[in-house]
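Working notes for the structure below.
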Amino acid sequence: MGQSPFTPFIPEEIDAVFCRSLKPFAQGYLEVLQELEPQLRFLNRPSSKIQQLKPHFLSELAGDFMPPHLVSNDPTQIEAFLQTHGEVVAKQGNSTQAQGVFRLKKQGKLYAFEHAYGQRSEQSSLRSLLDELQGGTDAPLQFMRFLPRTSEGDKRVVVLDGQILGAYVRRSAAGHWVNNVAAGGRCTAAPVNDQEREAIEATWPAYASLGLRVLGYDFLQDDSGAWRVSEINVGNVGGFASLQRMGSAPALNQLLAWIKYFALASAPIEIRAAQPRDDAAIAAIYQWAIDQGGITMDDRRFPPEAVAMKRQEMAARSSLLVATCLGEVIGWADLKPYSPRAGYSRCAETSVYVHPAVQGQGVGGSLQHQLIEVAQGYGYAHLVAKVVAGNGHSISFHERWGYERVGTQQRIGYLHGRWYDVTILQRILNTEAEQDHGL
C-alpha cells in the first residue's frame with residue numbers, strides 16, 4: 001500500500017465502512033482506522049477490534065462456555081496447566097487460519113509442540129518454548145485443554161447482529177486435529193443446538209455494545225460430545241460465503257441487506273440504565289481513560305468483571321447510565337452517594353466518560369443532563385465532581401453544566417512517578433428554580 005498512489009477521500013461521501021481484514025493485522029493498521037472513527041460509521045469499530053484482539057478478551061466474555069483455559073505468559077502457571085491437562089492448545093491472539101495455533105505437551109523432560117500445519121519443535125525448558133511461540137514478545141498466550149474429539153470437526157455458527165443465520169461443520173480431509181478450511185477442511189451444513197444458542201445469546205449483546213456485529217462462533221466437542229466455544233471471530237465474511245455456497249442460507253444476501261440498513265439508519269443518542277451486556281463496553285471506555293493518563297487516578301487493568309462488581313455493589317440512590325447509538329455503548333456516567341454519613345445524604349458524586357471517537361458530539365452532555373434529572377429524583381441537592389487538574393476539557397465541560405470550582409487538592413494523586421492535583425467542582429441543585437428556567 002505504501003507504494004500505491006494516495007487518493008484523498010471525502011468522509012461525507014461514505015455511508016459506512018466494513019472493517020474486515022485477515023489477521024495478523026499489520027502493526028498500526030487498526031490504529032490508523034481508529035483515528036477515522038469520528039468521521040466514519042464503522043460496522044465493526046476498529047478501536048473495539050483492538051480490544052477484541054487482547055488475549056483475555058474471549059475468556060472474559062465467553063469463559064463460561066469454553067473448555068478449561070488459561071491466558072498467561074507465566075511459565076509457572078503454564079506448567080501447572082500442562083500438569084493438570086496433559087496436552088493443551090496454545091493460540092496467538094493476532095492470527096488467523098490456524099497460523100498461530102500450536103499443540104503442546106510435555107514428553108519426559110522435553111516440551112514439544114506441533115504447529116497447526118505440521119512443523120514440530122522440542123525444547124528442554126518451557127521458557128525457551130514460550131519464547132518460540134511468542135515470537136520474541138512477552139504477549140500472553142491463550143491456552144485450552146486439547147479436546148480429543150477435535151478431529152471429528154469444528155462447527156462455525158454465523159451470527160449477524162444477534163441473528164443466527166446458519167452453521168456448518170468443518171472436518172479435515174486427512175483426519176488432522178486442525179479442521180480450518182485453509183488447512184484442507186471440508187464443510188457440511190449442520191444444525192445449531194440449544195447449548196450453542198445459549199452461548200451465543202449470552203455473549204453476542206456484549207459484542208454488539210462494543211460495535212462488533214458480524215460474528216463467527218467456533219465450537220469444538222468436549223469429551224461428552226457437547227460443543228464448547230473455542231473462538232469468536234469478528235468481521236470474517238468467509239462463513240457467510242460458505243453458507244451461501246452450501247445453499248443452507250442466503251447469508252451473503254442477508255449481510256449486504258443489513259449493511260445497507262446499517263449505513264442509512266438514523267443514529268439518535270439514547271440514555272438508559274446500564275445492563276450486564278454493557279459491561280465490556282463500559283470497561284473498554286474506562287480502560288482508554290486509564291491508558292491515556294491524566295484523566296483518572298486509576299492504574300489497573302479494568303475488565304468487564306470489574307463493571308459487573310460495580311453494578312452489584314451499587315448503594316441505594318446510585319445510578320450507572322450508558323449512552324448508546326445504534327445499540328453501541330458510546331459513553332457512560334455514574335451517580336453515587338458522596339458519603340455514607342447521614343449529614344451528607346443530600347450530596348452525590350458524579351462521573352462521565354465518553355468514547356474518544358464521539359467526544360465533542362453531545363454525548364457527555366446527554367449523560368450529564370440525565371444524571372442531574374436522576375439526582376433530583378433521588379432528592380440530592382448538591383453534586384460533586386473530582387477532576388484531575390490538568391484535564392481542562394473535563395473542567396470546562398462541568399462548568400458548562402453549572403458546576404463551580406471550589407478548590408484544588410494539591411499533590412493528592414501519584415502515578416508513574418508523577419504528582420497530580422485534583423480540582424473539586426460542585427453544583428447546587430435548586431429543583432424548583434431549575435425547573436422554572438427549563439434546566
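All residue names refer to the C-alpha cells as shown: chains lettered A, B, ... in order, residues numbered from 1 in each chain, ligands numbered from 1 in order.
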Inset, instruction - Might you pull out every residue within 10 Å of range 206-211 of chain A, with only C-alpha atoms counted and same-chain residues fewer than 5 positions away left off, and present them as a PyMOL selection string? - result: chain A and resi 42-49+51-52+61-62+160-162+201+232+234+275-282+284-285+304+324-330
Inset, instruction - Run DSSP on the backbone and give me the residues of range 231-332 of chain A it puts in strand (DSSP E or B), as a ChimeraX atom specification. - result: /A:231-234,270-273,319-325,328-332
What's around Arg301 in chain A at 8 Å? Count only C-alpha atoms, leave out sequence neighbours fewer than 2 positions away in its own chain, and write the answer as a JSON list (two decimals) with all heavy atoms, in the first residue's frame.
```json
[["chain", "number", "residue", "atom", "x", "y", "z"],
["A", 287, "GLN", "N", -11.01, 1.88, 30.31],
["A", 287, "GLN", "CA", -9.62, 1.47, 30.12],
["A", 287, "GLN", "C", -8.87, 2.46, 29.25],
["A", 287, "GLN", "O", -7.69, 2.74, 29.47],
["A", 287, "GLN", "CB", -9.56, 0.07, 29.50],
["A", 287, "GLN", "CG", -8.17, -0.53, 29.44],
["A", 287, "GLN", "CD", -7.63, -0.85, 30.83],
["A", 287, "GLN", "OE1", -8.23, -1.63, 31.56],
["A", 287, "GLN", "NE2", -6.51, -0.25, 31.19],
["A", 299, "ASP", "N", -5.16, 2.91, 37.95],
["A", 299, "ASP", "CA", -3.99, 2.41, 37.22],
["A", 299, "ASP", "C", -4.01, 0.89, 37.19],
["A", 299, "ASP", "O", -3.02, 0.24, 37.48],
["A", 299, "ASP", "CB", -2.70, 2.91, 37.89],
["A", 299, "ASP", "CG", -1.47, 2.56, 37.06],
["A", 299, "ASP", "OD1", -1.60, 2.48, 35.83],
["A", 299, "ASP", "OD2", -0.40, 2.34, 37.64],
["A", 303, "PRO", "N", -11.28, -5.03, 33.69],
["A", 303, "PRO", "CA", -12.03, -5.99, 32.88],
["A", 303, "PRO", "C", -13.54, -5.83, 33.05],
["A", 303, "PRO", "O", -14.00, -5.12, 33.97],
["A", 303, "PRO", "CB", -11.56, -7.33, 33.45],
["A", 303, "PRO", "CG", -11.29, -7.04, 34.89],
["A", 303, "PRO", "CD", -10.76, -5.63, 34.93]]
```
Inset, instruction - Find the spatial neighbours of range 388-394 of chain A, counting only C-alpha atoms, within a cut-off of 9 Å - ignore same-chain residues fewer than 4 positions away - and output them as a list in words. - result: Gly294, Ile295, Thr296, Met297, Val352, His398, Glu399, Thr408, Gln409, Gly413, Tyr420, Asp421, Val422, Thr423 and Ile424 of chain A
Residues just named, written with N, CA, C and O atoms as a compact mmCIF listing (two decimals), in the first residue's frame:
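result_26.txt written:
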```txt
# COMPACT_ATOMS: atom_id res chain seq x y z
N GLY A 294 -3.65 10.93 33.17
CA GLY A 294 -4.07 12.29 33.46
C GLY A 294 -5.57 12.50 33.43
O GLY A 294 -6.04 13.64 33.46
N ILE A 295 -6.35 11.42 33.36
CA ILE A 295 -7.81 11.53 33.34
C ILE A 295 -8.40 10.94 34.61
O ILE A 295 -9.34 11.49 35.18
N THR A 296 -7.87 9.83 35.05
CA THR A 296 -8.31 9.18 36.28
C THR A 296 -7.09 8.76 37.08
O THR A 296 -6.01 8.54 36.51
N MET A 297 -7.24 8.65 38.36
CA MET A 297 -6.15 8.19 39.21
C MET A 297 -6.14 6.66 39.33
O MET A 297 -5.42 6.10 40.16
N VAL A 352 -18.46 11.19 34.34
CA VAL A 352 -18.90 10.99 32.96
C VAL A 352 -17.70 10.61 32.11
O VAL A 352 -16.66 11.28 32.17
N HIS A 398 -17.74 20.48 32.86
CA HIS A 398 -18.54 20.59 34.08
C HIS A 398 -18.99 22.04 34.32
O HIS A 398 -20.12 22.28 34.78
N GLU A 399 -18.14 23.00 34.03
CA GLU A 399 -18.53 24.40 34.21
C GLU A 399 -19.68 24.78 33.28
O GLU A 399 -20.56 25.57 33.65
N THR A 408 -8.72 23.11 44.99
CA THR A 408 -7.80 22.14 44.39
C THR A 408 -7.06 21.41 45.49
O THR A 408 -6.48 22.04 46.39
N GLN A 409 -7.09 20.10 45.41
CA GLN A 409 -6.30 19.27 46.33
C GLN A 409 -4.93 19.07 45.67
O GLN A 409 -4.82 18.40 44.64
N GLY A 413 -2.65 13.00 44.07
CA GLY A 413 -2.52 11.79 43.25
C GLY A 413 -1.08 11.54 42.86
O GLY A 413 -0.33 12.50 42.56
N TYR A 420 -0.10 14.54 41.00
CA TYR A 420 -1.23 15.19 40.34
C TYR A 420 -2.06 15.97 41.35
O TYR A 420 -2.26 15.52 42.49
N ASP A 421 -2.55 17.14 40.91
CA ASP A 421 -3.55 17.89 41.66
C ASP A 421 -4.93 17.48 41.18
O ASP A 421 -5.10 17.05 40.02
N VAL A 422 -5.92 17.60 42.04
CA VAL A 422 -7.30 17.28 41.68
C VAL A 422 -8.18 18.48 41.98
O VAL A 422 -8.15 19.03 43.10
N THR A 423 -8.95 18.91 40.99
CA THR A 423 -9.86 20.03 41.14
C THR A 423 -11.23 19.53 41.60
O THR A 423 -11.76 18.57 41.05
N ILE A 424 -11.79 20.18 42.60
CA ILE A 424 -13.11 19.85 43.11
C ILE A 424 -14.12 20.87 42.56
O ILE A 424 -13.91 22.08 42.68
```
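For the residues A:Val322, A:Val17, A:Gln221, A:Ile50, ranking by smallest atom-to-atom distance to Glu37 in chain A using only C-alpha atoms places A:Val17 first.
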Inset, instruction - Counting only C-alpha atoms, figure out which residue out of A:Ile269, A:Arg418, A:Leu215, A:Val307 gets nearest to Gly362 in chain A. - result: A:Ile269
Inset, instruction - Please measure the separation of CA of His115 in chain A and CA of Phe102 in chain A, giving the value in Å to one decimal. - result: 4.5 Å
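Among A:Ala174, A:Ala273, A:Leu147, A:Leu130, the residue with the shortest atom-to-atom distance to Arg186 in chain A, counting only C-alpha atoms, is A:Ala174.
Pairwise distance (CA of His56 in chain A, CA of Gly135 in chain A) equals 18.5 Å.
Straight-line separation from CA of Glu231 in chain A to CA of Lys155 in chain A: 10.5 Å.
Those residues in range 3-79 of chain A carrying a DSSP assignment of alpha helix (DSSP H), computed from the backbone, are Tyr29, Leu30, Glu31, Val32, Leu33, Gln34, Glu35, Pro46, Ser47, Ser48, Lys49, Ile50, Gln51, Gln52, Phe57, Leu58, Ser59, Glu60, Leu61, Ala62, Pro75, Thr76, Gln77, Ile78 and Glu79 of chain A.
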How about saving the chosen residues, N, CA, C and O atoms kept, as a compact mmCIF listing (two decimals), in the first residue's frame?
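Listed below is the output, out-v7.txt:
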```txt
# COMPACT_ATOMS: atom_id res chain seq x y z
N TYR A 29 -2.15 -0.82 11.77
CA TYR A 29 -3.26 -0.82 10.81
C TYR A 29 -4.57 -0.40 11.47
O TYR A 29 -5.26 0.52 11.02
N LEU A 30 -4.93 -1.07 12.56
CA LEU A 30 -6.18 -0.74 13.24
C LEU A 30 -6.12 0.64 13.90
O LEU A 30 -7.14 1.34 14.00
N GLU A 31 -4.93 1.04 14.34
CA GLU A 31 -4.79 2.35 14.97
C GLU A 31 -5.06 3.47 13.96
O GLU A 31 -5.66 4.50 14.32
N VAL A 32 -4.65 3.27 12.70
CA VAL A 32 -4.94 4.27 11.67
C VAL A 32 -6.44 4.36 11.43
O VAL A 32 -7.02 5.44 11.34
N LEU A 33 -7.10 3.19 11.34
CA LEU A 33 -8.55 3.19 11.15
C LEU A 33 -9.25 3.81 12.36
O LEU A 33 -10.27 4.50 12.20
N GLN A 34 -8.72 3.58 13.55
CA GLN A 34 -9.31 4.12 14.76
C GLN A 34 -9.36 5.65 14.70
O GLN A 34 -10.31 6.27 15.17
N GLU A 35 -8.35 6.27 14.11
CA GLU A 35 -8.31 7.72 14.01
C GLU A 35 -9.43 8.26 13.12
O GLU A 35 -9.80 9.44 13.22
N PRO A 46 -12.99 -0.22 14.75
CA PRO A 46 -11.57 -0.60 14.89
C PRO A 46 -11.06 -0.55 16.33
O PRO A 46 -10.30 -1.42 16.75
N SER A 47 -11.46 0.45 17.11
CA SER A 47 -10.97 0.53 18.49
C SER A 47 -11.45 -0.68 19.29
O SER A 47 -10.75 -1.15 20.20
N SER A 48 -12.64 -1.19 18.97
CA SER A 48 -13.12 -2.39 19.65
C SER A 48 -12.43 -3.65 19.12
O SER A 48 -12.24 -4.61 19.87
N LYS A 49 -12.05 -3.63 17.85
CA LYS A 49 -11.25 -4.74 17.32
C LYS A 49 -9.93 -4.83 18.07
O LYS A 49 -9.44 -5.93 18.36
N ILE A 50 -9.34 -3.68 18.38
CA ILE A 50 -8.10 -3.67 19.16
C ILE A 50 -8.32 -4.34 20.51
O ILE A 50 -7.49 -5.14 20.97
N GLN A 51 -9.46 -4.02 21.15
CA GLN A 51 -9.77 -4.66 22.43
C GLN A 51 -9.99 -6.15 22.25
O GLN A 51 -9.54 -6.97 23.06
N GLN A 52 -10.69 -6.52 21.19
CA GLN A 52 -11.05 -7.92 20.96
C GLN A 52 -9.82 -8.80 20.72
O GLN A 52 -9.83 -10.00 21.01
N PHE A 57 -9.64 -11.18 26.24
CA PHE A 57 -10.96 -10.74 25.82
C PHE A 57 -11.96 -11.89 25.73
O PHE A 57 -13.06 -11.84 26.29
N LEU A 58 -11.59 -12.96 25.02
CA LEU A 58 -12.53 -14.06 24.81
C LEU A 58 -12.92 -14.71 26.12
O LEU A 58 -14.11 -14.97 26.38
N SER A 59 -11.95 -14.99 26.98
CA SER A 59 -12.26 -15.67 28.24
C SER A 59 -13.11 -14.80 29.15
O SER A 59 -13.94 -15.31 29.91
N GLU A 60 -12.94 -13.47 29.08
CA GLU A 60 -13.74 -12.58 29.91
C GLU A 60 -15.19 -12.54 29.48
O GLU A 60 -16.09 -12.38 30.31
N LEU A 61 -15.45 -12.70 28.18
CA LEU A 61 -16.82 -12.63 27.70
C LEU A 61 -17.48 -13.99 27.55
O LEU A 61 -18.70 -14.11 27.69
N ALA A 62 -16.71 -15.02 27.26
CA ALA A 62 -17.31 -16.33 26.96
C ALA A 62 -16.70 -17.46 27.77
O ALA A 62 -16.89 -18.63 27.43
N PRO A 75 5.49 -18.87 33.10
CA PRO A 75 5.84 -20.29 32.96
C PRO A 75 5.33 -21.15 34.12
O PRO A 75 4.95 -22.31 33.90
N THR A 76 5.28 -20.61 35.33
CA THR A 76 4.80 -21.40 36.47
C THR A 76 3.32 -21.74 36.29
O THR A 76 2.91 -22.89 36.51
N GLN A 77 2.50 -20.77 35.90
CA GLN A 77 1.08 -21.03 35.67
C GLN A 77 0.88 -22.00 34.50
O GLN A 77 0.04 -22.90 34.57
N ILE A 78 1.66 -21.81 33.46
CA ILE A 78 1.50 -22.65 32.27
C ILE A 78 1.95 -24.08 32.58
O ILE A 78 1.31 -25.05 32.14
N GLU A 79 3.02 -24.23 33.35
CA GLU A 79 3.48 -25.56 33.75
C GLU A 79 2.38 -26.28 34.55
O GLU A 79 2.10 -27.47 34.32
```
Legend entry - Contacts of Tyr111 in chain A within 6 Å, only C-alpha atoms, excl. fewer than 5 positions in-chain, as a ChimeraX atom specification: /A:106,122-123
With N, CA, C and O atoms retained, write the just-selected residues as a PDB file, in the first residue's frame.
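This is the output file out_1.pdb:
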```
ATOM      1  N   LYS A 106       4.130 -32.148  27.327  1.00  0.00           N
ATOM      2  CA  LYS A 106       5.421 -32.441  27.917  1.00  0.00           C
ATOM      3  C   LYS A 106       5.710 -33.928  27.741  1.00  0.00           C
ATOM      4  O   LYS A 106       4.892 -34.780  28.084  1.00  0.00           O
ATOM      5  N   GLU A 122      11.050 -29.170  19.740  1.00  0.00           N
ATOM      6  CA  GLU A 122      11.201 -29.606  21.130  1.00  0.00           C
ATOM      7  C   GLU A 122      12.183 -28.663  21.832  1.00  0.00           C
ATOM      8  O   GLU A 122      13.138 -28.198  21.224  1.00  0.00           O
ATOM      9  N   GLN A 123      11.904 -28.398  23.101  1.00  0.00           N
ATOM     10  CA  GLN A 123      12.782 -27.556  23.896  1.00  0.00           C
ATOM     11  C   GLN A 123      12.963 -28.201  25.261  1.00  0.00           C
ATOM     12  O   GLN A 123      12.074 -28.879  25.776  1.00  0.00           O
TER      13      GLN A 123
END
```
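When only C-alpha atoms are used to measure the gap to Asp298 in chain A, the shortest distance among A:Arg197, A:Arg103, A:Arg272, A:His416 belongs to A:His416.
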Inset, instruction - Do a neighbour search on Ala265 in chain A at 12 Å with only C-alpha atoms, toss out local chain neighbours closer than 2 positions, and write the hits as a PyMOL selection string. - result: chain A and resi 15-16+41+43+258-263+267-268+325-327
Those residues you just picked out, can you put them in a file as a PDB file, in the first residue's frame with C-alpha atoms?
```pdb
ATOM      1  CA  ASP A  15     -22.120   5.839   4.204  1.00  0.00           C
ATOM      2  CA  ALA A  16     -20.354   3.089   6.161  1.00  0.00           C
ATOM      3  CA  ARG A  41     -19.540   4.906  10.572  1.00  0.00           C
ATOM      4  CA  LEU A  43     -19.748  -1.723  11.040  1.00  0.00           C
ATOM      5  CA  TRP A 258     -28.058  -5.490   6.705  1.00  0.00           C
ATOM      6  CA  ILE A 259     -25.042  -3.370   5.705  1.00  0.00           C
ATOM      7  CA  LYS A 260     -27.365  -1.148   3.653  1.00  0.00           C
ATOM      8  CA  TYR A 261     -29.765  -0.811   6.590  1.00  0.00           C
ATOM      9  CA  PHE A 262     -26.941  -0.006   8.994  1.00  0.00           C
ATOM     10  CA  ALA A 263     -25.383   2.550   6.656  1.00  0.00           C
ATOM     11  CA  ALA A 267     -28.442   7.401  14.839  1.00  0.00           C
ATOM     12  CA  PRO A 268     -30.004   9.219  17.806  1.00  0.00           C
ATOM     13  CA  CYS A 325     -26.119   4.806  19.352  1.00  0.00           C
ATOM     14  CA  LEU A 326     -27.410   2.047  17.068  1.00  0.00           C
ATOM     15  CA  GLY A 327     -27.081  -0.310  20.026  1.00  0.00           C
TER      16      GLY A 327
END
```
Inset, instruction - List the neighbours of Gln376 in chain A out to 9 Å using only C-alpha atoms; skip same-chain residues closer than 5 positions along the sequence, and give me the result as an MDAnalysis selection string. - result: chainID A and resid 371 381 429:431
